[in-house]
file my_file_29.cif (mmCIF, C-alpha atoms and all ligand atoms; chains and numbers go by the auth columns)
data_query
#
loop_
_atom_site.group_PDB
_atom_site.id
_atom_site.type_symbol
_atom_site.label_atom_id
_atom_site.label_comp_id
_atom_site.label_asym_id
_atom_site.label_seq_id
_atom_site.Cartn_x
_atom_site.Cartn_y
_atom_site.Cartn_z
_atom_site.B_iso_or_equiv
_atom_site.auth_seq_id
_atom_site.auth_asym_id
ATOM 1 C CA MET A 1 -52.473 -28.024 -27.626 0.00 17 X
ATOM 2 C CA SER A 2 -51.799 -24.965 -29.731 0.00 18 X
ATOM 3 C CA ALA A 3 -53.223 -22.584 -27.118 0.00 19 X
ATOM 4 C CA LEU A 4 -51.211 -24.296 -24.404 0.00 20 X
ATOM 5 C CA ASN A 5 -47.996 -23.985 -26.415 0.00 21 X
ATOM 6 C CA MET A 6 -48.584 -20.292 -27.050 0.00 22 X
ATOM 7 C CA SER A 7 -49.299 -19.691 -23.417 0.00 23 X
ATOM 8 C CA THR A 8 -46.186 -21.561 -22.321 0.00 24 X
ATOM 9 C CA ASN A 9 -44.097 -19.763 -24.893 0.00 25 X
ATOM 10 C CA GLY A 10 -45.476 -16.367 -23.879 0.00 26 X
ATOM 11 C CA TYR A 11 -44.607 -17.059 -20.262 0.00 27 X
ATOM 12 C CA ALA A 12 -41.089 -18.090 -21.205 0.00 28 X
ATOM 13 C CA ILE A 13 -40.481 -14.856 -23.126 0.00 29 X
ATOM 14 C CA ASP A 14 -41.812 -12.716 -20.287 0.00 30 X
ATOM 15 C CA ARG A 15 -39.637 -14.560 -17.839 0.00 31 X
ATOM 16 C CA ARG A 16 -36.547 -14.006 -20.000 0.00 32 X
ATOM 17 C CA LYS A 17 -37.363 -10.291 -20.198 0.00 33 X
ATOM 18 C CA LEU A 18 -37.807 -10.194 -16.468 0.00 34 X
ATOM 19 C CA ILE A 19 -34.440 -11.842 -15.801 0.00 35 X
ATOM 20 C CA ALA A 20 -32.698 -9.544 -18.313 0.00 36 X
ATOM 21 C CA GLY A 21 -34.297 -6.579 -16.557 0.00 37 X
ATOM 22 C CA PHE A 22 -33.021 -7.678 -13.170 0.00 38 X
ATOM 23 C CA ALA A 23 -29.524 -8.252 -14.561 0.00 39 X
ATOM 24 C CA ALA A 24 -29.442 -4.779 -16.146 0.00 40 X
ATOM 25 C CA ALA A 25 -30.717 -3.163 -12.947 0.00 41 X
ATOM 26 C CA SER A 26 -28.067 -4.877 -10.836 0.00 42 X
ATOM 27 C CA VAL A 27 -25.268 -3.788 -13.186 0.00 43 X
ATOM 28 C CA VAL A 28 -26.445 -0.170 -13.077 0.00 44 X
ATOM 29 C CA SER A 29 -26.819 -0.189 -9.297 0.00 45 X
ATOM 30 C CA LEU A 30 -23.224 -1.392 -8.866 0.00 46 X
ATOM 31 C CA THR A 31 -21.770 1.608 -10.667 0.00 47 X
ATOM 32 C CA PRO A 32 -21.932 4.258 -7.897 0.00 48 X
ATOM 33 C CA ARG A 33 -19.175 3.983 -5.296 0.00 49 X
ATOM 34 C CA ALA A 34 -21.323 3.645 -2.201 0.00 50 X
ATOM 35 C CA TYR A 35 -18.498 4.410 0.192 0.00 51 X
ATOM 36 C CA ALA A 36 -17.782 7.753 -1.461 0.00 52 X
ATOM 37 C CA GLN A 37 -21.164 8.954 -0.202 0.00 53 X
ATOM 38 C CA ALA A 38 -20.656 7.727 3.355 0.00 54 X
ATOM 39 C CA PRO A 39 -21.865 10.156 6.025 0.00 55 X
ATOM 40 C CA SER A 40 -19.033 11.859 7.820 0.00 56 X
ATOM 41 C CA GLY A 41 -17.915 10.567 11.180 0.00 57 X
ATOM 42 C CA PRO A 42 -14.885 9.405 13.079 0.00 58 X
ATOM 43 C CA PHE A 43 -14.752 5.994 11.352 0.00 59 X
ATOM 44 C CA ARG A 44 -13.398 5.756 7.816 0.00 60 X
ATOM 45 C CA LEU A 45 -13.508 3.159 5.073 0.00 61 X
ATOM 46 C CA ASP A 46 -10.144 2.982 3.355 0.00 62 X
ATOM 47 C CA PRO A 47 -10.144 1.976 -0.307 0.00 63 X
ATOM 48 C CA LEU A 48 -9.116 -1.560 -1.133 0.00 64 X
ATOM 49 C CA PRO A 49 -5.301 -1.611 -1.263 0.00 65 X
ATOM 50 C CA TYR A 50 -5.427 -3.315 -4.685 0.00 66 X
ATOM 51 C CA ALA A 51 -7.731 -3.667 -7.688 0.00 67 X
ATOM 52 C CA ASN A 52 -11.024 -5.548 -7.291 0.00 68 X
ATOM 53 C CA ASN A 53 -9.714 -8.289 -9.583 0.00 69 X
ATOM 54 C CA LYS A 54 -6.391 -8.768 -7.747 0.00 70 X
ATOM 55 C CA ASN A 55 -7.579 -11.969 -6.060 0.00 71 X
ATOM 56 C CA GLU A 56 -8.898 -13.563 -9.270 0.00 72 X
ATOM 57 C CA PRO A 57 -9.537 -16.334 -9.999 0.00 73 X
ATOM 58 C CA HIS A 58 -9.885 -17.416 -6.377 0.00 74 X
ATOM 59 C CA ILE A 59 -12.090 -14.499 -5.317 0.00 75 X
ATOM 60 C CA ASP A 60 -13.919 -12.795 -8.173 0.00 76 X
ATOM 61 C CA ALA A 61 -13.854 -9.042 -8.729 0.00 77 X
ATOM 62 C CA MET A 62 -17.591 -8.547 -8.263 0.00 78 X
ATOM 63 C CA THR A 63 -17.505 -10.275 -4.894 0.00 79 X
ATOM 64 C CA MET A 64 -14.625 -8.028 -3.836 0.00 80 X
ATOM 65 C CA GLU A 65 -16.469 -4.914 -5.032 0.00 81 X
ATOM 66 C CA ILE A 66 -19.763 -5.736 -3.334 0.00 82 X
ATOM 67 C CA HIS A 67 -18.030 -6.981 -0.206 0.00 83 X
ATOM 68 C CA HIS A 68 -15.899 -3.860 0.257 0.00 84 X
ATOM 69 C CA ASP A 69 -18.060 -1.113 -1.252 0.00 85 X
ATOM 70 C CA ARG A 70 -21.386 -2.351 0.123 0.00 86 X
ATOM 71 C CA HIS A 71 -20.982 -4.677 3.091 0.00 87 X
ATOM 72 C CA HIS A 72 -17.939 -3.108 4.728 0.00 88 X
ATOM 73 C CA ALA A 73 -19.201 0.384 3.856 0.00 89 X
ATOM 74 C CA ALA A 74 -22.466 -0.387 5.651 0.00 90 X
ATOM 75 C CA TYR A 75 -20.635 -1.347 8.857 0.00 91 X
ATOM 76 C CA VAL A 76 -18.676 1.920 8.744 0.00 92 X
ATOM 77 C CA ASN A 77 -21.762 3.995 7.986 0.00 93 X
ATOM 78 C CA ASN A 78 -23.722 2.331 10.773 0.00 94 X
ATOM 79 C CA LEU A 79 -20.855 2.876 13.199 0.00 95 X
ATOM 80 C CA ASN A 80 -20.659 6.565 12.275 0.00 96 X
ATOM 81 C CA GLY A 81 -24.398 6.751 12.862 0.00 97 X
ATOM 82 C CA LEU A 82 -23.795 5.570 16.438 0.00 98 X
ATOM 83 C CA ALA A 83 -20.875 7.919 17.100 0.00 99 X
ATOM 84 C CA ASN A 84 -22.916 10.608 18.821 0.00 100 X
ATOM 85 C CA GLN A 85 -24.067 8.012 21.361 0.00 101 X
ATOM 86 C CA LEU A 86 -20.532 6.776 22.039 0.00 102 X
ATOM 87 C CA GLY A 87 -19.583 9.838 24.061 0.00 103 X
ATOM 88 C CA GLY A 88 -15.832 10.132 24.599 0.00 104 X
ATOM 89 C CA LEU A 89 -15.297 6.652 23.148 0.00 105 X
ATOM 90 C CA ALA A 90 -15.906 8.020 19.641 0.00 106 X
ATOM 91 C CA ASP A 91 -12.442 9.618 19.741 0.00 107 X
ATOM 92 C CA LYS A 92 -10.726 6.335 20.630 0.00 108 X
ATOM 93 C CA PRO A 93 -9.160 3.963 18.115 0.00 109 X
ATOM 94 C CA LEU A 94 -11.534 1.141 17.205 0.00 110 X
ATOM 95 C CA ASP A 95 -9.417 -1.597 18.815 0.00 111 X
ATOM 96 C CA GLN A 96 -9.569 0.219 22.153 0.00 112 X
ATOM 97 C CA ILE A 97 -13.353 0.333 21.938 0.00 113 X
ATOM 98 C CA LEU A 98 -13.641 -3.347 21.046 0.00 114 X
ATOM 99 C CA VAL A 99 -11.316 -4.619 23.776 0.00 115 X
ATOM 100 C CA LYS A 100 -13.555 -3.016 26.396 0.00 116 X
ATOM 101 C CA MET A 101 -17.111 -3.446 25.171 0.00 117 X
ATOM 102 C CA THR A 102 -18.475 -3.043 28.722 0.00 118 X
ATOM 103 C CA ASP A 103 -17.623 0.671 28.455 0.00 119 X
ATOM 104 C CA VAL A 104 -19.988 1.033 25.491 0.00 120 X
ATOM 105 C CA PRO A 105 -23.464 2.273 26.542 0.00 121 X
ATOM 106 C CA GLU A 106 -25.737 -0.739 26.817 0.00 122 X
ATOM 107 C CA ALA A 107 -28.376 0.694 24.469 0.00 123 X
ATOM 108 C CA ILE A 108 -25.925 0.608 21.524 0.00 124 X
ATOM 109 C CA ARG A 109 -23.614 -2.216 22.652 0.00 125 X
ATOM 110 C CA THR A 110 -24.994 -4.855 20.290 0.00 126 X
ATOM 111 C CA ALA A 111 -24.922 -2.446 17.348 0.00 127 X
ATOM 112 C CA VAL A 112 -21.321 -1.440 18.130 0.00 128 X
ATOM 113 C CA ARG A 113 -20.394 -5.087 18.542 0.00 129 X
ATOM 114 C CA ASN A 114 -21.797 -5.977 15.125 0.00 130 X
ATOM 115 C CA ASN A 115 -20.716 -2.908 13.164 0.00 131 X
ATOM 116 C CA GLY A 116 -17.472 -2.192 15.015 0.00 132 X
ATOM 117 C CA GLY A 117 -16.517 -5.847 14.828 0.00 133 X
ATOM 118 C CA GLY A 118 -17.408 -5.825 11.144 0.00 134 X
ATOM 119 C CA HIS A 119 -15.256 -2.760 10.517 0.00 135 X
ATOM 120 C CA ALA A 120 -12.255 -4.234 12.346 0.00 136 X
ATOM 121 C CA ASN A 121 -12.558 -7.686 10.800 0.00 137 X
ATOM 122 C CA HIS A 122 -12.833 -6.433 7.237 0.00 138 X
ATOM 123 C CA THR A 123 -10.027 -3.891 7.637 0.00 139 X
ATOM 124 C CA MET A 124 -7.738 -6.763 8.643 0.00 140 X
ATOM 125 C CA PHE A 125 -9.132 -9.013 5.907 0.00 141 X
ATOM 126 C CA TRP A 126 -8.334 -6.673 2.976 0.00 142 X
ATOM 127 C CA GLN A 127 -4.808 -6.094 4.277 0.00 143 X
ATOM 128 C CA ILE A 128 -3.761 -9.717 4.366 0.00 144 X
ATOM 129 C CA MET A 129 -5.001 -10.597 0.864 0.00 145 X
ATOM 130 C CA GLY A 130 -3.900 -9.367 -2.559 0.00 146 X
ATOM 131 C CA GLY A 131 -0.870 -11.661 -2.553 0.00 147 X
ATOM 132 C CA SER A 132 -0.040 -14.911 -4.223 0.00 148 X
ATOM 133 C CA GLY A 133 -0.090 -17.350 -1.344 0.00 149 X
ATOM 134 C CA GLY A 134 2.950 -19.518 -0.825 0.00 150 X
ATOM 135 C CA GLU A 135 4.482 -19.882 2.604 0.00 151 X
ATOM 136 C CA PRO A 136 5.447 -17.640 5.522 0.00 152 X
ATOM 137 C CA LYS A 137 9.111 -17.063 6.322 0.00 153 X
ATOM 138 C CA GLY A 138 11.307 -16.427 9.344 0.00 154 X
ATOM 139 C CA ASP A 139 9.840 -15.902 12.808 0.00 155 X
ATOM 140 C CA LEU A 140 6.268 -16.446 11.672 0.00 156 X
ATOM 141 C CA LYS A 141 7.108 -19.712 9.945 0.00 157 X
ATOM 142 C CA ALA A 142 8.832 -20.898 13.144 0.00 158 X
ATOM 143 C CA ALA A 143 5.861 -19.842 15.293 0.00 159 X
ATOM 144 C CA ILE A 144 3.395 -21.657 13.037 0.00 160 X
ATOM 145 C CA GLU A 145 5.510 -24.794 13.302 0.00 161 X
ATOM 146 C CA ARG A 146 5.839 -24.447 17.087 0.00 162 X
ATOM 147 C CA ASP A 147 2.214 -23.570 17.945 0.00 163 X
ATOM 148 C CA LEU A 148 0.073 -24.823 15.072 0.00 164 X
ATOM 149 C CA GLY A 149 1.908 -27.872 13.732 0.00 165 X
ATOM 150 C CA GLY A 150 3.213 -26.227 10.558 0.00 166 X
ATOM 151 C CA LEU A 151 1.486 -24.591 7.602 0.00 167 X
ATOM 152 C CA ALA A 152 -0.157 -27.733 6.214 0.00 168 X
ATOM 153 C CA LYS A 153 -1.643 -28.596 9.611 0.00 169 X
ATOM 154 C CA LEU A 154 -2.759 -24.996 10.151 0.00 170 X
ATOM 155 C CA GLN A 155 -4.516 -24.994 6.772 0.00 171 X
ATOM 156 C CA GLU A 156 -6.240 -28.283 7.550 0.00 172 X
ATOM 157 C CA ASN A 157 -7.428 -27.198 10.996 0.00 173 X
ATOM 158 C CA PHE A 158 -8.299 -23.643 9.914 0.00 174 X
ATOM 159 C CA ASN A 159 -10.413 -24.872 6.996 0.00 175 X
ATOM 160 C CA ALA A 160 -12.119 -27.429 9.211 0.00 176 X
ATOM 161 C CA ALA A 161 -12.928 -24.705 11.766 0.00 177 X
ATOM 162 C CA GLY A 162 -14.316 -22.544 8.943 0.00 178 X
ATOM 163 C CA GLY A 163 -16.506 -25.399 7.816 0.00 179 X
ATOM 164 C CA ARG A 164 -17.870 -25.841 11.331 0.00 180 X
ATOM 165 C CA VAL A 165 -19.049 -22.221 11.685 0.00 181 X
ATOM 166 C CA PHE A 166 -22.825 -22.550 11.536 0.00 182 X
ATOM 167 C CA GLY A 167 -24.228 -19.582 9.657 0.00 183 X
ATOM 168 C CA SER A 168 -22.083 -16.466 9.529 0.00 184 X
ATOM 169 C CA GLY A 169 -18.743 -15.917 11.201 0.00 185 X
ATOM 170 C CA TRP A 170 -14.977 -15.868 11.011 0.00 186 X
ATOM 171 C CA VAL A 171 -11.951 -18.076 11.573 0.00 187 X
ATOM 172 C CA PHE A 172 -8.885 -16.420 13.089 0.00 188 X
ATOM 173 C CA VAL A 173 -5.312 -17.016 14.130 0.00 189 X
ATOM 174 C CA THR A 174 -4.708 -14.940 17.253 0.00 190 X
ATOM 175 C CA VAL A 175 -1.326 -13.722 18.413 0.00 191 X
ATOM 176 C CA ALA A 176 -0.302 -13.100 22.012 0.00 192 X
ATOM 177 C CA PRO A 177 2.237 -10.393 22.959 0.00 193 X
ATOM 178 C CA ASP A 178 4.893 -13.105 23.357 0.00 194 X
ATOM 179 C CA GLY A 179 4.229 -14.308 19.803 0.00 195 X
ATOM 180 C CA LYS A 180 2.221 -17.409 20.668 0.00 196 X
ATOM 181 C CA LEU A 181 -0.366 -18.309 18.036 0.00 197 X
ATOM 182 C CA ALA A 182 -3.775 -19.961 18.426 0.00 198 X
ATOM 183 C CA LEU A 183 -6.679 -20.899 16.179 0.00 199 X
ATOM 184 C CA THR A 184 -10.203 -19.735 17.007 0.00 200 X
ATOM 185 C CA SER A 185 -13.546 -19.037 15.343 0.00 201 X
ATOM 186 C CA LYS A 186 -16.260 -16.493 16.102 0.00 202 X
ATOM 187 C CA PRO A 187 -19.921 -16.063 15.129 0.00 203 X
ATOM 188 C CA ASN A 188 -21.300 -13.030 13.280 0.00 204 X
ATOM 189 C CA GLN A 189 -18.850 -10.089 13.337 0.00 205 X
ATOM 190 C CA ASP A 190 -17.344 -10.904 16.710 0.00 206 X
ATOM 191 C CA THR A 191 -13.588 -10.614 16.944 0.00 207 X
ATOM 192 C CA PRO A 192 -11.004 -11.968 19.404 0.00 208 X
ATOM 193 C CA LEU A 193 -10.323 -8.295 20.211 0.00 209 X
ATOM 194 C CA MET A 194 -13.493 -8.521 22.316 0.00 210 X
ATOM 195 C CA ASP A 195 -11.687 -11.118 24.447 0.00 211 X
ATOM 196 C CA GLY A 196 -8.634 -8.890 24.759 0.00 212 X
ATOM 197 C CA GLN A 197 -6.713 -10.870 22.134 0.00 213 X
ATOM 198 C CA ARG A 198 -5.028 -9.677 18.927 0.00 214 X
ATOM 199 C CA VAL A 199 -5.746 -11.005 15.450 0.00 215 X
ATOM 200 C CA LEU A 200 -2.891 -12.110 13.224 0.00 216 X
ATOM 201 C CA MET A 201 -5.110 -13.177 10.324 0.00 217 X
ATOM 202 C CA GLY A 202 -8.613 -14.362 9.625 0.00 218 X
ATOM 203 C CA ASN A 203 -11.041 -15.480 6.959 0.00 219 X
ATOM 204 C CA ASP A 204 -14.618 -14.330 6.468 0.00 220 X
ATOM 205 C CA VAL A 205 -17.012 -17.276 6.076 0.00 221 X
ATOM 206 C CA TRP A 206 -20.186 -15.209 5.683 0.00 222 X
ATOM 207 C CA GLU A 207 -21.925 -16.282 2.475 0.00 223 X
ATOM 208 C CA HIS A 208 -21.430 -12.765 1.068 0.00 224 X
ATOM 209 C CA ALA A 209 -17.677 -13.512 0.979 0.00 225 X
ATOM 210 C CA TYR A 210 -17.970 -16.358 -1.497 0.00 226 X
ATOM 211 C CA TYR A 211 -21.518 -17.055 -2.690 0.00 227 X
ATOM 212 C CA LEU A 212 -21.310 -15.573 -6.223 0.00 228 X
ATOM 213 C CA LYS A 213 -18.465 -17.911 -7.187 0.00 229 X
ATOM 214 C CA TYR A 214 -18.767 -20.838 -4.789 0.00 230 X
ATOM 215 C CA GLN A 215 -22.481 -20.902 -3.814 0.00 231 X
ATOM 216 C CA ASN A 216 -22.807 -23.577 -1.102 0.00 232 X
ATOM 217 C CA ARG A 217 -19.244 -24.864 -1.550 0.00 233 X
ATOM 218 C CA ARG A 218 -17.679 -23.105 1.410 0.00 234 X
ATOM 219 C CA PRO A 219 -14.913 -25.748 1.742 0.00 235 X
ATOM 220 C CA ASP A 220 -13.711 -24.885 -1.794 0.00 236 X
ATOM 221 C CA TYR A 221 -13.592 -21.182 -0.909 0.00 237 X
ATOM 222 C CA LEU A 222 -11.707 -21.906 2.309 0.00 238 X
ATOM 223 C CA LYS A 223 -9.158 -23.964 0.404 0.00 239 X
ATOM 224 C CA ALA A 224 -8.739 -21.395 -2.411 0.00 240 X
ATOM 225 C CA TRP A 225 -8.345 -18.451 0.001 0.00 241 X
ATOM 226 C CA TRP A 226 -4.792 -19.465 0.913 0.00 242 X
ATOM 227 C CA ASN A 227 -3.765 -18.679 -2.690 0.00 243 X
ATOM 228 C CA VAL A 228 -4.455 -14.941 -2.250 0.00 244 X
ATOM 229 C CA LEU A 229 -2.696 -14.390 1.073 0.00 245 X
ATOM 230 C CA ASN A 230 0.029 -11.782 1.304 0.00 246 X
ATOM 231 C CA TRP A 231 2.456 -13.376 3.753 0.00 247 X
ATOM 232 C CA ASP A 232 4.659 -10.256 3.814 0.00 248 X
ATOM 233 C CA LYS A 233 1.716 -8.353 5.307 0.00 249 X
ATOM 234 C CA ILE A 234 0.955 -11.137 7.780 0.00 250 X
ATOM 235 C CA GLU A 235 4.623 -11.271 8.820 0.00 251 X
ATOM 236 C CA ALA A 236 4.522 -7.495 9.395 0.00 252 X
ATOM 237 C CA ARG A 237 1.422 -7.930 11.578 0.00 253 X
ATOM 238 C CA TYR A 238 3.268 -10.624 13.537 0.00 254 X
ATOM 239 C CA ALA A 239 6.226 -8.301 14.150 0.00 255 X
ATOM 240 C CA ASP A 240 3.829 -5.497 15.172 0.00 256 X
ATOM 241 C CA ALA A 241 2.051 -7.825 17.604 0.00 257 X
ATOM 242 C CA LYS A 242 5.289 -8.758 19.340 0.00 258 X
ATOM 243 C CA ALA A 243 6.242 -5.061 19.501 0.00 259 X
ATOM 244 C CA GLY A 244 2.847 -4.193 21.056 0.00 260 X
ATOM 245 C CA LYS A 245 1.902 -2.158 17.973 0.00 261 X
ATOM 246 C CA LEU A 246 -0.789 -4.327 16.346 0.00 262 X
ATOM 247 C CA THR A 247 -4.214 -2.695 16.518 0.00 263 X
ATOM 248 C CA ILE A 248 -6.960 -4.185 14.342 0.00 264 X
HETATM 249 MN MN MN B . -17.737 -9.888 5.118 0.00 301 Y
#
call {"tool": "encode", "arguments": {"input": "my_file_29.cif", "output": "structure tokens", "more": "lines below"}}
Ligand code: MN
result
Amino acid sequence: MSALNMSTNGYAIDRRKLIAGFAAASVVSLTPRAYAQAPSGPFRLDPLPYANNKNEPHIDAMTMEIHHDRHHAAYVNNLNGLANQLGGLADKPLDQILVKMTDVPEAIRTAVRNNGGGHANHTMFWQIMGGSGGEPKGDLKAAIERDLGGLAKLQENFNAAGGRVFGSGWVFVTVAPDGKLALTSKPNQDTPLMDGQRVLMGNDVWEHAYYLKYQNRRPDYLKAWWNVLNWDKIEARYADAKAGKLTI
């Protein structure tokens, strides 16, 4: 019994050391700003427009940091790595590339779809957060009531659509040039831009967007996300869409 206890105890100590070692290593590895070392190219990762902790407690600061500085940075870096195969398209704005994917050379089309879609989706995503939720006003409020049954109904249907995405993907509200709104979801990093549509707003339901805080509870993340929306920014996107000026 004594030998067994010692053995069990020894294992437990080693395991604790191991876990502490992993934790220390992950803290150290988060310190460098990955995006600051991005290879040069036509595509750029803008800094987050607010502090990493701005969306606390609904989205934790570490998730924001990893999501922006690692995941989004990787899409931008990968896209820059493809730029020399894009030919003249490399000089075009990203939305113009994504709305006409058939112009992208076939050999890199899937990579541009994934990384270009990822760049566009996340650029939109950071913009529309950093707020304190609440409700839209004016024209956008009227359009949500007209096309989507009002904010409460939109939230219900949007969250349900987010729950139905199997694996990784996004939920979006699209906006037509005449201001009409519609709800849609996409797998992976696809975007409605690839269907020639424009994105008013969208939520990322990849596990990397919520796993540290919510683990498998995606419905809780979807519900909490509305508390960090910046409706002023979304209203500005709506006005831009109707003026033909909304890009990604
Ligand atoms: Mn993401």
call {"tool": "resolve_selection", "arguments": {"input": "my_file_29.cif", "expression": "the PyMOL selection byres (((not hetatm)) within 10 of (chain Y and resi 301))", "output": "number ranges by chain"}}
result
X: 80, 82-84, 86-88, 91, 134-135, 137-138, 141, 184-186, 204-205, 219-226
call {"tool": "residues_around", "arguments": {"input": "my_file_29.cif", "residues": "Leu61 (chain X)", "least_positions_apart": "5", "cutoff": "9 Å", "atoms": "only C-alpha atoms", "output": "MDAnalysis selection string"}}
result
chainID X and resid 51 54 84:85 88:89 92:93 135 139
call {"tool": "residues_around", "arguments": {"input": "my_file_29.cif", "residues": "Ala252 (chain X)", "least_positions_apart": "6", "cutoff": "12 Å", "atoms": "all atoms listed in the file", "output": "ChimeraX atom specification"}}
result
/X:143-144,152-156,216-217,246,258-259,261-262
call {"tool": "residues_around", "arguments": {"input": "my_file_29.cif", "residues": "Thr263 (chain X)", "least_positions_apart": "3", "cutoff": "12 Å", "atoms": "all atoms listed in the file", "output": "JSON list (two decimals) with C-alpha atoms, in the coordinates of the input"}}
result
[["chain", "number", "residue", "atom", "x", "y", "z"],
["X", 108, "LYS", "CA", -10.73, 6.34, 20.63],
["X", 109, "PRO", "CA", -9.16, 3.96, 18.11],
["X", 110, "LEU", "CA", -11.53, 1.14, 17.20],
["X", 111, "ASP", "CA", -9.42, -1.60, 18.82],
["X", 112, "GLN", "CA", -9.57, 0.22, 22.15],
["X", 113, "ILE", "CA", -13.35, 0.33, 21.94],
["X", 114, "LEU", "CA", -13.64, -3.35, 21.05],
["X", 115, "VAL", "CA", -11.32, -4.62, 23.78],
["X", 136, "ALA", "CA", -12.26, -4.23, 12.35],
["X", 137, "ASN", "CA", -12.56, -7.69, 10.80],
["X", 139, "THR", "CA", -10.03, -3.89, 7.64],
["X", 140, "MET", "CA", -7.74, -6.76, 8.64],
["X", 191, "VAL", "CA", -1.33, -13.72, 18.41],
["X", 193, "PRO", "CA", 2.24, -10.39, 22.96],
["X", 208, "PRO", "CA", -11.00, -11.97, 19.40],
["X", 209, "LEU", "CA", -10.32, -8.30, 20.21],
["X", 212, "GLY", "CA", -8.63, -8.89, 24.76],
["X", 213, "GLN", "CA", -6.71, -10.87, 22.13],
["X", 214, "ARG", "CA", -5.03, -9.68, 18.93],
["X", 215, "VAL", "CA", -5.75, -11.00, 15.45],
["X", 216, "LEU", "CA", -2.89, -12.11, 13.22],
["X", 253, "ARG", "CA", 1.42, -7.93, 11.58],
["X", 254, "TYR", "CA", 3.27, -10.62, 13.54],
["X", 256, "ASP", "CA", 3.83, -5.50, 15.17],
["X", 257, "ALA", "CA", 2.05, -7.82, 17.60],
["X", 258, "LYS", "CA", 5.29, -8.76, 19.34],
["X", 259, "ALA", "CA", 6.24, -5.06, 19.50],
["X", 260, "GLY", "CA", 2.85, -4.19, 21.06]]
call {"tool": "atom_distance", "arguments": {"input": "my_file_29.cif", "atom1": "CA of Gly146 (chain X)", "atom2": "CA of Trp247 (chain X)"}}
result
9.8 Å
